[in-house]
file target.pdb (PDB, N, CA and C atoms and all ligand atoms)
MODEL        1
ATOM      1  N   MET A1141       2.100  26.600 -15.121
ATOM      2  CA  MET A1141       1.436  25.349 -14.697
ATOM      3  C   MET A1141       1.920  24.175 -15.557
ATOM      4  N   PRO A1142       2.498  23.185 -14.927
ATOM      5  CA  PRO A1142       2.920  22.007 -15.709
ATOM      6  C   PRO A1142       1.691  21.241 -16.194
ATOM      7  N   ARG A1143       1.785  20.798 -17.426
ATOM      8  CA  ARG A1143       0.671  20.033 -17.942
ATOM      9  C   ARG A1143       0.688  18.614 -17.371
ATOM     10  N   ASP A1144      -0.425  18.127 -17.059
ATOM     11  CA  ASP A1144      -0.518  16.830 -16.388
ATOM     12  C   ASP A1144      -1.505  15.934 -17.136
ATOM     13  N   SER A1145      -1.221  15.778 -18.425
ATOM     14  CA  SER A1145      -2.184  15.047 -19.237
ATOM     15  C   SER A1145      -1.961  13.537 -19.188
ATOM     16  N   THR A1146      -0.690  13.128 -19.119
ATOM     17  CA  THR A1146      -0.443  11.689 -19.067
ATOM     18  C   THR A1146      -0.429  11.222 -17.620
ATOM     19  N   PRO A1147      -1.299  10.306 -17.303
ATOM     20  CA  PRO A1147      -1.322   9.807 -15.933
ATOM     21  C   PRO A1147      -0.094   8.943 -15.686
ATOM     22  N   GLN A1148       0.768   9.433 -14.852
ATOM     23  CA  GLN A1148       1.979   8.680 -14.566
ATOM     24  C   GLN A1148       1.866   8.062 -13.183
ATOM     25  N   THR A1149       2.358   6.863 -13.061
ATOM     26  CA  THR A1149       2.345   6.239 -11.749
ATOM     27  C   THR A1149       3.767   5.883 -11.335
ATOM     28  N   TYR A1150       3.944   5.799 -10.071
ATOM     29  CA  TYR A1150       5.240   5.456  -9.508
ATOM     30  C   TYR A1150       5.064   4.233  -8.633
ATOM     31  N   LEU A1151       6.149   3.527  -8.468
ATOM     32  CA  LEU A1151       6.094   2.334  -7.642
ATOM     33  C   LEU A1151       6.666   2.635  -6.266
ATOM     34  N   CYS A1152       5.901   2.334  -5.253
ATOM     35  CA  CYS A1152       6.393   2.523  -3.898
ATOM     36  C   CYS A1152       7.371   1.396  -3.562
ATOM     37  N   ALA A1153       8.512   1.761  -3.024
ATOM     38  CA  ALA A1153       9.541   0.773  -2.742
ATOM     39  C   ALA A1153       9.158  -0.163  -1.602
ATOM     40  N   LEU A1154       8.237   0.252  -0.776
ATOM     41  CA  LEU A1154       7.897  -0.563   0.393
ATOM     42  C   LEU A1154       6.672  -1.446   0.142
ATOM     43  N   CYS A1155       5.575  -0.847  -0.231
ATOM     44  CA  CYS A1155       4.363  -1.662  -0.405
ATOM     45  C   CYS A1155       4.201  -2.145  -1.840
ATOM     46  N   GLN A1156       5.027  -1.622  -2.750
ATOM     47  CA  GLN A1156       5.004  -2.047  -4.152
ATOM     48  C   GLN A1156       3.709  -1.705  -4.863
ATOM     49  N   ARG A1157       2.979  -0.760  -4.328
ATOM     50  CA  ARG A1157       1.776  -0.334  -5.025
ATOM     51  C   ARG A1157       2.149   0.717  -6.054
ATOM     52  N   GLU A1158       1.350   0.810  -7.090
ATOM     53  CA  GLU A1158       1.520   1.897  -8.054
ATOM     54  C   GLU A1158       0.686   3.065  -7.586
ATOM     55  N   VAL A1159       1.345   4.174  -7.401
ATOM     56  CA  VAL A1159       0.660   5.342  -6.864
ATOM     57  C   VAL A1159       0.964   6.557  -7.729
ATOM     58  N   LYS A1160       0.178   7.587  -7.556
ATOM     59  CA  LYS A1160       0.344   8.782  -8.391
ATOM     60  C   LYS A1160       1.512   9.631  -7.937
ATOM     61  N   GLN A1161       1.868   9.448  -6.701
ATOM     62  CA  GLN A1161       2.903  10.310  -6.147
ATOM     63  C   GLN A1161       3.758   9.547  -5.150
ATOM     64  N   VAL A1162       5.028   9.773  -5.200
ATOM     65  CA  VAL A1162       5.901   9.191  -4.186
ATOM     66  C   VAL A1162       6.737  10.294  -3.567
ATOM     67  N   THR A1163       7.231  10.016  -2.405
ATOM     68  CA  THR A1163       8.119  10.971  -1.752
ATOM     69  C   THR A1163       9.434  10.269  -1.443
ATOM     70  N   ARG A1164      10.468  11.037  -1.321
ATOM     71  CA  ARG A1164      11.788  10.476  -1.133
ATOM     72  C   ARG A1164      12.083  10.272   0.346
ATOM     73  N   HIS A1165      12.486   9.064   0.660
ATOM     74  CA  HIS A1165      12.852   8.759   2.035
ATOM     75  C   HIS A1165      14.334   8.415   2.087
ATOM     76  N   HIS A1166      15.017   9.015   3.036
ATOM     77  CA  HIS A1166      16.429   8.677   3.239
ATOM     78  C   HIS A1166      16.514   7.463   4.147
ATOM     79  N   LEU A1167      17.087   6.391   3.655
ATOM     80  CA  LEU A1167      17.198   5.167   4.453
ATOM     81  C   LEU A1167      18.023   5.439   5.706
ATOM     82  N   VAL A1168      19.080   6.196   5.549
ATOM     83  CA  VAL A1168      19.803   6.738   6.696
ATOM     84  C   VAL A1168      19.606   8.246   6.613
ATOM     85  N   PRO A1169      19.178   8.849   7.711
ATOM     86  CA  PRO A1169      18.875  10.294   7.656
ATOM     87  C   PRO A1169      20.056  11.110   7.140
ATOM     88  N   LYS A1170      19.722  12.169   6.439
ATOM     89  CA  LYS A1170      20.758  13.039   5.892
ATOM     90  C   LYS A1170      21.719  13.500   6.976
ATOM     91  N   SER A1171      21.150  13.745   8.150
ATOM     92  CA  SER A1171      21.973  14.242   9.249
ATOM     93  C   SER A1171      23.013  13.218   9.683
ATOM     94  N   GLU A1172      22.785  11.946   9.356
ATOM     95  CA  GLU A1172      23.736  10.892   9.700
ATOM     96  C   GLU A1172      24.647  10.568   8.509
ATOM     97  N   GLY A1173      24.565  11.398   7.508
ATOM     98  CA  GLY A1173      25.422  11.190   6.354
ATOM     99  C   GLY A1173      24.857  10.223   5.330
ATOM    100  N   GLY A1174      23.577   9.917   5.454
ATOM    101  CA  GLY A1174      22.977   8.970   4.527
ATOM    102  C   GLY A1174      22.754   9.582   3.161
ATOM    103  N   ARG A1175      22.951   8.779   2.142
ATOM    104  CA  ARG A1175      22.761   9.259   0.780
ATOM    105  C   ARG A1175      21.706   8.458   0.042
ATOM    106  N   GLU A1176      21.531   7.224   0.445
ATOM    107  CA  GLU A1176      20.634   6.364  -0.312
ATOM    108  C   GLU A1176      19.180   6.722  -0.022
ATOM    109  N   THR A1177      18.420   6.876  -1.080
ATOM    110  CA  THR A1177      17.013   7.202  -0.900
ATOM    111  C   THR A1177      16.142   6.179  -1.614
ATOM    112  N   VAL A1178      14.927   6.060  -1.140
ATOM    113  CA  VAL A1178      13.938   5.228  -1.812
ATOM    114  C   VAL A1178      12.673   6.057  -2.000
ATOM    115  N   ASP A1179      11.891   5.676  -2.974
ATOM    116  CA  ASP A1179      10.630   6.362  -3.220
ATOM    117  C   ASP A1179       9.506   5.630  -2.503
ATOM    118  N   LEU A1180       8.828   6.355  -1.657
ATOM    119  CA  LEU A1180       7.738   5.757  -0.888
ATOM    120  C   LEU A1180       6.442   6.510  -1.145
ATOM    121  N   CYS A1181       5.341   5.770  -1.107
ATOM    122  CA  CYS A1181       4.049   6.445  -1.183
ATOM    123  C   CYS A1181       3.825   7.184   0.138
ATOM    124  N   ALA A1182       2.895   8.089   0.125
ATOM    125  CA  ALA A1182       2.662   8.927   1.308
ATOM    126  C   ALA A1182       2.318   8.084   2.531
ATOM    127  N   ALA A1183       1.513   7.044   2.321
ATOM    128  CA  ALA A1183       1.076   6.226   3.452
ATOM    129  C   ALA A1183       2.250   5.489   4.086
ATOM    130  N   CYS A1184       3.101   4.898   3.267
ATOM    131  CA  CYS A1184       4.259   4.173   3.801
ATOM    132  C   CYS A1184       5.214   5.119   4.508
ATOM    133  N   HIS A1185       5.438   6.259   3.895
ATOM    134  CA  HIS A1185       6.378   7.198   4.468
ATOM    135  C   HIS A1185       5.918   7.681   5.844
ATOM    136  N   LYS A1186       4.641   7.986   5.889
ATOM    137  CA  LYS A1186       4.064   8.453   7.141
ATOM    138  C   LYS A1186       4.133   7.355   8.207
ATOM    139  N   THR A1187       3.814   6.144   7.790
ATOM    140  CA  THR A1187       3.819   5.018   8.713
ATOM    141  C   THR A1187       5.212   4.755   9.263
ATOM    142  N   LEU A1188       6.182   4.802   8.374
ATOM    143  CA  LEU A1188       7.562   4.554   8.781
ATOM    144  C   LEU A1188       7.991   5.501   9.896
ATOM    145  N   HIS A1189       7.707   6.780   9.682
ATOM    146  CA  HIS A1189       8.138   7.755  10.676
ATOM    147  C   HIS A1189       7.233   7.770  11.902
ATOM    148  N   ALA A1190       6.035   7.231  11.755
ATOM    149  CA  ALA A1190       5.159   7.131  12.917
ATOM    150  C   ALA A1190       5.583   5.969  13.811
ATOM    151  N   PHE A1191       6.056   4.891  13.193
ATOM    152  CA  PHE A1191       6.431   3.696  13.945
ATOM    153  C   PHE A1191       7.836   3.781  14.531
ATOM    154  N   PHE A1192       8.733   4.421  13.819
ATOM    155  CA  PHE A1192      10.139   4.361  14.213
ATOM    156  C   PHE A1192      10.763   5.746  14.276
ATOM    157  N   THR A1193      11.678   5.887  15.175
ATOM    158  CA  THR A1193      12.423   7.144  15.257
ATOM    159  C   THR A1193      13.540   7.117  14.216
ATOM    160  N   ASN A1194      14.081   8.285  13.936
ATOM    161  CA  ASN A1194      15.195   8.354  13.000
ATOM    162  C   ASN A1194      16.357   7.493  13.448
ATOM    163  N   ARG A1195      16.523   7.415  14.752
ATOM    164  CA  ARG A1195      17.624   6.633  15.276
ATOM    165  C   ARG A1195      17.434   5.142  14.969
ATOM    166  N   THR A1196      16.236   4.642  15.219
ATOM    167  CA  THR A1196      15.964   3.243  14.912
ATOM    168  C   THR A1196      16.090   2.986  13.413
ATOM    169  N   LEU A1197      15.576   3.929  12.647
ATOM    170  CA  LEU A1197      15.652   3.766  11.197
ATOM    171  C   LEU A1197      17.098   3.670  10.726
ATOM    172  N   SER A1198      17.951   4.526  11.248
ATOM    173  CA  SER A1198      19.320   4.521  10.756
ATOM    174  C   SER A1198      20.146   3.383  11.348
ATOM    175  N   MET A1199      19.835   2.981  12.585
ATOM    176  CA  MET A1199      20.622   1.920  13.220
ATOM    177  C   MET A1199      20.201   0.531  12.746
ATOM    178  N   GLU A1200      18.901   0.331  12.603
ATOM    179  CA  GLU A1200      18.415  -1.026  12.372
ATOM    180  C   GLU A1200      17.699  -1.218  11.048
ATOM    181  N   LEU A1201      17.172  -0.143  10.531
ATOM    182  CA  LEU A1201      16.247  -0.302   9.408
ATOM    183  C   LEU A1201      16.685   0.498   8.188
ATOM    184  N   SER A1202      17.957   0.376   7.859
ATOM    185  CA  SER A1202      18.465   1.196   6.768
ATOM    186  C   SER A1202      18.387   0.496   5.418
ATOM    187  N   THR A1203      17.718  -0.634   5.357
ATOM    188  CA  THR A1203      17.480  -1.266   4.064
ATOM    189  C   THR A1203      15.996  -1.615   3.946
ATOM    190  N   ILE A1204      15.541  -1.695   2.722
ATOM    191  CA  ILE A1204      14.145  -2.084   2.478
ATOM    192  C   ILE A1204      13.898  -3.483   3.040
ATOM    193  N   GLU A1205      14.891  -4.360   2.926
ATOM    194  CA  GLU A1205      14.733  -5.729   3.421
ATOM    195  C   GLU A1205      14.500  -5.744   4.928
ATOM    196  N   SER A1206      15.259  -4.944   5.643
ATOM    197  CA  SER A1206      15.086  -4.926   7.093
ATOM    198  C   SER A1206      13.725  -4.330   7.468
ATOM    199  N   LEU A1207      13.253  -3.412   6.666
ATOM    200  CA  LEU A1207      11.919  -2.857   6.924
ATOM    201  C   LEU A1207      10.849  -3.920   6.717
ATOM    202  N   HIS A1208      11.037  -4.707   5.670
ATOM    203  CA  HIS A1208      10.056  -5.760   5.386
ATOM    204  C   HIS A1208      10.006  -6.810   6.487
ATOM    205  N   ARG A1209      11.059  -6.927   7.248
ATOM    206  CA  ARG A1209      11.092  -7.930   8.313
ATOM    207  C   ARG A1209      10.399  -7.470   9.587
ATOM    208  N   GLN A1210      10.074  -6.202   9.678
ATOM    209  CA  GLN A1210       9.442  -5.685  10.890
ATOM    210  C   GLN A1210       7.998  -6.161  10.997
ATOM    211  N   PRO A1211       7.652  -6.798  12.097
ATOM    212  CA  PRO A1211       6.273  -7.284  12.264
ATOM    213  C   PRO A1211       5.241  -6.163  12.147
ATOM    214  N   GLU A1212       5.551  -5.006  12.702
ATOM    215  CA  GLU A1212       4.615  -3.884  12.630
ATOM    216  C   GLU A1212       4.322  -3.535  11.172
ATOM    217  N   LEU A1213       5.397  -3.516  10.384
ATOM    218  CA  LEU A1213       5.223  -3.124   8.996
ATOM    219  C   LEU A1213       4.596  -4.238   8.168
ATOM    220  N   GLN A1214       4.854  -5.469   8.545
ATOM    221  CA  GLN A1214       4.229  -6.569   7.810
ATOM    222  C   GLN A1214       2.713  -6.494   7.926
ATOM    223  N   ALA A1215       2.249  -6.210   9.118
ATOM    224  CA  ALA A1215       0.803  -6.076   9.314
ATOM    225  C   ALA A1215       0.265  -4.896   8.515
ATOM    226  N   TYR A1216       0.993  -3.801   8.564
ATOM    227  CA  TYR A1216       0.593  -2.618   7.810
ATOM    228  C   TYR A1216       0.570  -2.904   6.305
ATOM    229  N   LEU A1217       1.593  -3.577   5.826
ATOM    230  CA  LEU A1217       1.698  -3.831   4.388
ATOM    231  C   LEU A1217       0.590  -4.750   3.885
ATOM    232  N   ARG A1218       0.265  -5.752   4.706
ATOM    233  CA  ARG A1218      -0.846  -6.625   4.329
ATOM    234  C   ARG A1218      -2.116  -5.817   4.147
ATOM    235  N   TRP A1219      -2.271  -4.856   5.042
ATOM    236  CA  TRP A1219      -3.476  -4.035   5.002
ATOM    237  C   TRP A1219      -3.444  -3.048   3.835
ATOM    238  N   VAL A1220      -2.338  -2.364   3.674
ATOM    239  CA  VAL A1220      -2.297  -1.274   2.706
ATOM    240  C   VAL A1220      -2.378  -1.794   1.276
ATOM    241  N   ARG A1221      -1.914  -3.019   1.058
ATOM    242  CA  ARG A1221      -1.953  -3.564  -0.298
ATOM    243  C   ARG A1221      -3.372  -3.815  -0.762
ATOM    244  N   LYS A1222      -4.282  -3.883   0.174
ATOM    245  CA  LYS A1222      -5.682  -4.067  -0.197
ATOM    246  C   LYS A1222      -6.376  -2.739  -0.464
ATOM    247  N   GLN A1223      -5.671  -1.646  -0.161
ATOM    248  CA  GLN A1223      -6.269  -0.335  -0.341
ATOM    249  C   GLN A1223      -5.984   0.189  -1.741
ATOM    250  N   ALA A1224      -6.922   0.911  -2.291
ATOM    251  CA  ALA A1224      -6.660   1.598  -3.546
ATOM    252  C   ALA A1224      -5.776   2.801  -3.247
ATOM    253  N   ASP A1225      -5.302   3.424  -4.298
ATOM    254  CA  ASP A1225      -4.498   4.612  -4.084
ATOM    255  C   ASP A1225      -5.401   5.797  -3.815
ATOM    256  N   ARG A1226      -5.699   5.956  -2.599
ATOM    257  CA  ARG A1226      -6.477   7.109  -2.203
ATOM    258  C   ARG A1226      -5.904   7.569  -0.878
ATOM    259  N   ARG A1227      -6.459   8.612  -0.396
ATOM    260  CA  ARG A1227      -5.916   9.128   0.852
ATOM    261  C   ARG A1227      -6.146   8.109   1.967
ATOM    262  N   ILE A1228      -5.084   7.759   2.603
ATOM    263  CA  ILE A1228      -5.167   6.743   3.643
ATOM    264  C   ILE A1228      -4.915   7.392   4.993
ATOM    265  N   THR A1229      -5.792   7.126   5.887
ATOM    266  CA  THR A1229      -5.581   7.637   7.229
ATOM    267  C   THR A1229      -4.711   6.644   7.986
ATOM    268  N   VAL A1230      -3.568   7.098   8.360
ATOM    269  CA  VAL A1230      -2.633   6.211   9.011
ATOM    270  C   VAL A1230      -2.825   6.273  10.517
ATOM    271  N   ARG A1231      -2.998   5.115  11.060
ATOM    272  CA  ARG A1231      -3.146   5.026  12.496
ATOM    273  C   ARG A1231      -1.752   5.129  13.114
ATOM    274  N   THR A1232      -1.575   6.058  13.981
ATOM    275  CA  THR A1232      -0.258   6.210  14.569
ATOM    276  C   THR A1232      -0.254   5.704  16.011
ATOM    277  N   LYS A1233       0.882   5.231  16.383
ATOM    278  CA  LYS A1233       1.014   4.734  17.747
ATOM    279  C   LYS A1233       1.509   5.864  18.636
ATOM    280  N   ASN A1234       1.192   5.754  19.892
ATOM    281  CA  ASN A1234       1.657   6.770  20.825
ATOM    282  C   ASN A1234       3.149   6.654  21.070
ATOM    283  N   GLN A1235       3.579   5.413  21.054
ATOM    284  CA  GLN A1235       4.964   5.173  21.433
ATOM    285  C   GLN A1235       5.783   4.743  20.241
ATOM    286  N   ARG A1236       6.793   5.518  19.968
ATOM    287  CA  ARG A1236       7.736   5.087  18.939
ATOM    288  C   ARG A1236       8.882   4.407  19.640
ATOM    289  N   ARG A1237       9.554   3.529  18.924
ATOM    290  CA  ARG A1237      10.707   2.905  19.542
ATOM    291  C   ARG A1237      11.952   3.187  18.730
TER     292      ARG A1237
HETATM  293 ZN    ZN B1301       3.864   2.377  -0.079
HETATM  294 ZN    ZN B1302      11.459   9.563   5.469
ENDMDL
END

call {"tool": "encode", "arguments": {"input": "target.pdb", "output": "structure tokens"}}
result
Amino acid sequence: MPRDSTPQTYLCALCQREVKQVTRHHLVPKSEGGRETVDLCAACHKTLHAFFTNRTLSMELSTIESLHRQPELQAYLRWVRKQADRRITVRTKNQRR
């Protein structure tokens, strides 16, 4: 069992919140030969894949800047920044584009 005495926080690359845990997101999917990764909190990561398909992500949204320009994500980010780091229920859309 790893000792977990020092509370460490990580910075989410998308919402810029400090969170206890981040997950690695490939800006371009591995299957498309992408190598660059960013650390995202669980909520952002889930939201990203709920809103966009891998194809859209790799074709149009392969940078953090392009993600920040998405209206869907701007609304989400405004909301999530007001949330504490706790389990967030992400509202998913039926239709991904
Ligand atoms: Zn985040
Ligand atoms: Zn991902």

call {"tool": "resolve_selection", "arguments": {"input": "target.pdb", "expression": "the PyMOL selection byres (((not hetatm)) within 6.5 of (chain B and resi 1301))", "output": "list in words"}}
result
Cys1152, Ala1153, Leu1154, Cys1155, Gln1156, Arg1157, Leu1180, Cys1181, Ala1182, Ala1183, Cys1184 and His1185 of chain A

call {"tool": "residues_around", "arguments": {"input": "target.pdb", "residues": "region 1162-1173 of chain A", "least_positions_apart": "2", "cutoff": "6 Å", "atoms": "all atoms listed in the file", "output": "ChimeraX atom specification"}}
result
/A:1159-1160,1175-1182,1197-1198,1201-1203

call {"tool": "select_by_dssp", "arguments": {"input": "target.pdb", "residues": "region 1172-1219 of chain A", "states": "strand (DSSP E or B)", "output": "ChimeraX atom specification"}}
result
/A:1177-1180

call {"tool": "write_last_selection", "arguments": {"input": "target.pdb", "atoms": "N, CA and C atoms", "output": "tab-separated table (two decimals), in the coordinates of the input"}}
result
chain	number	residue	atom	x	y	z
A	1177	THR	N	18.42	6.88	-1.08
A	1177	THR	CA	17.01	7.20	-0.90
A	1177	THR	C	16.14	6.18	-1.61
A	1178	VAL	N	14.93	6.06	-1.14
A	1178	VAL	CA	13.94	5.23	-1.81
A	1178	VAL	C	12.67	6.06	-2.00
A	1179	ASP	N	11.89	5.68	-2.97
A	1179	ASP	CA	10.63	6.36	-3.22
A	1179	ASP	C	9.51	5.63	-2.50
A	1180	LEU	N	8.83	6.36	-1.66
A	1180	LEU	CA	7.74	5.76	-0.89
A	1180	LEU	C	6.44	6.51	-1.14

call {"tool": "atom_distance", "arguments": {"input": "target.pdb", "atom1": "atom N of Leu1213 (chain A)", "atom2": "atom N of Gly1174 (chain A)"}}
result
23.1 Å

call {"tool": "atom_distance", "arguments": {"input": "target.pdb", "atom1": "atom C of Gln1214 (chain A)", "atom2": "atom N of Tyr1150 (chain A)"}}
result
21.8 Å

call {"tool": "closest_residue", "arguments": {"input": "target.pdb", "among": "A:His1189, A:Gln1148, A:Glu1158, A:Val1220", "to": "ligand ZN 1302 (chain B)", "atoms": "only N, CA and C atoms and all ligand atoms"}}
result
A:His1189
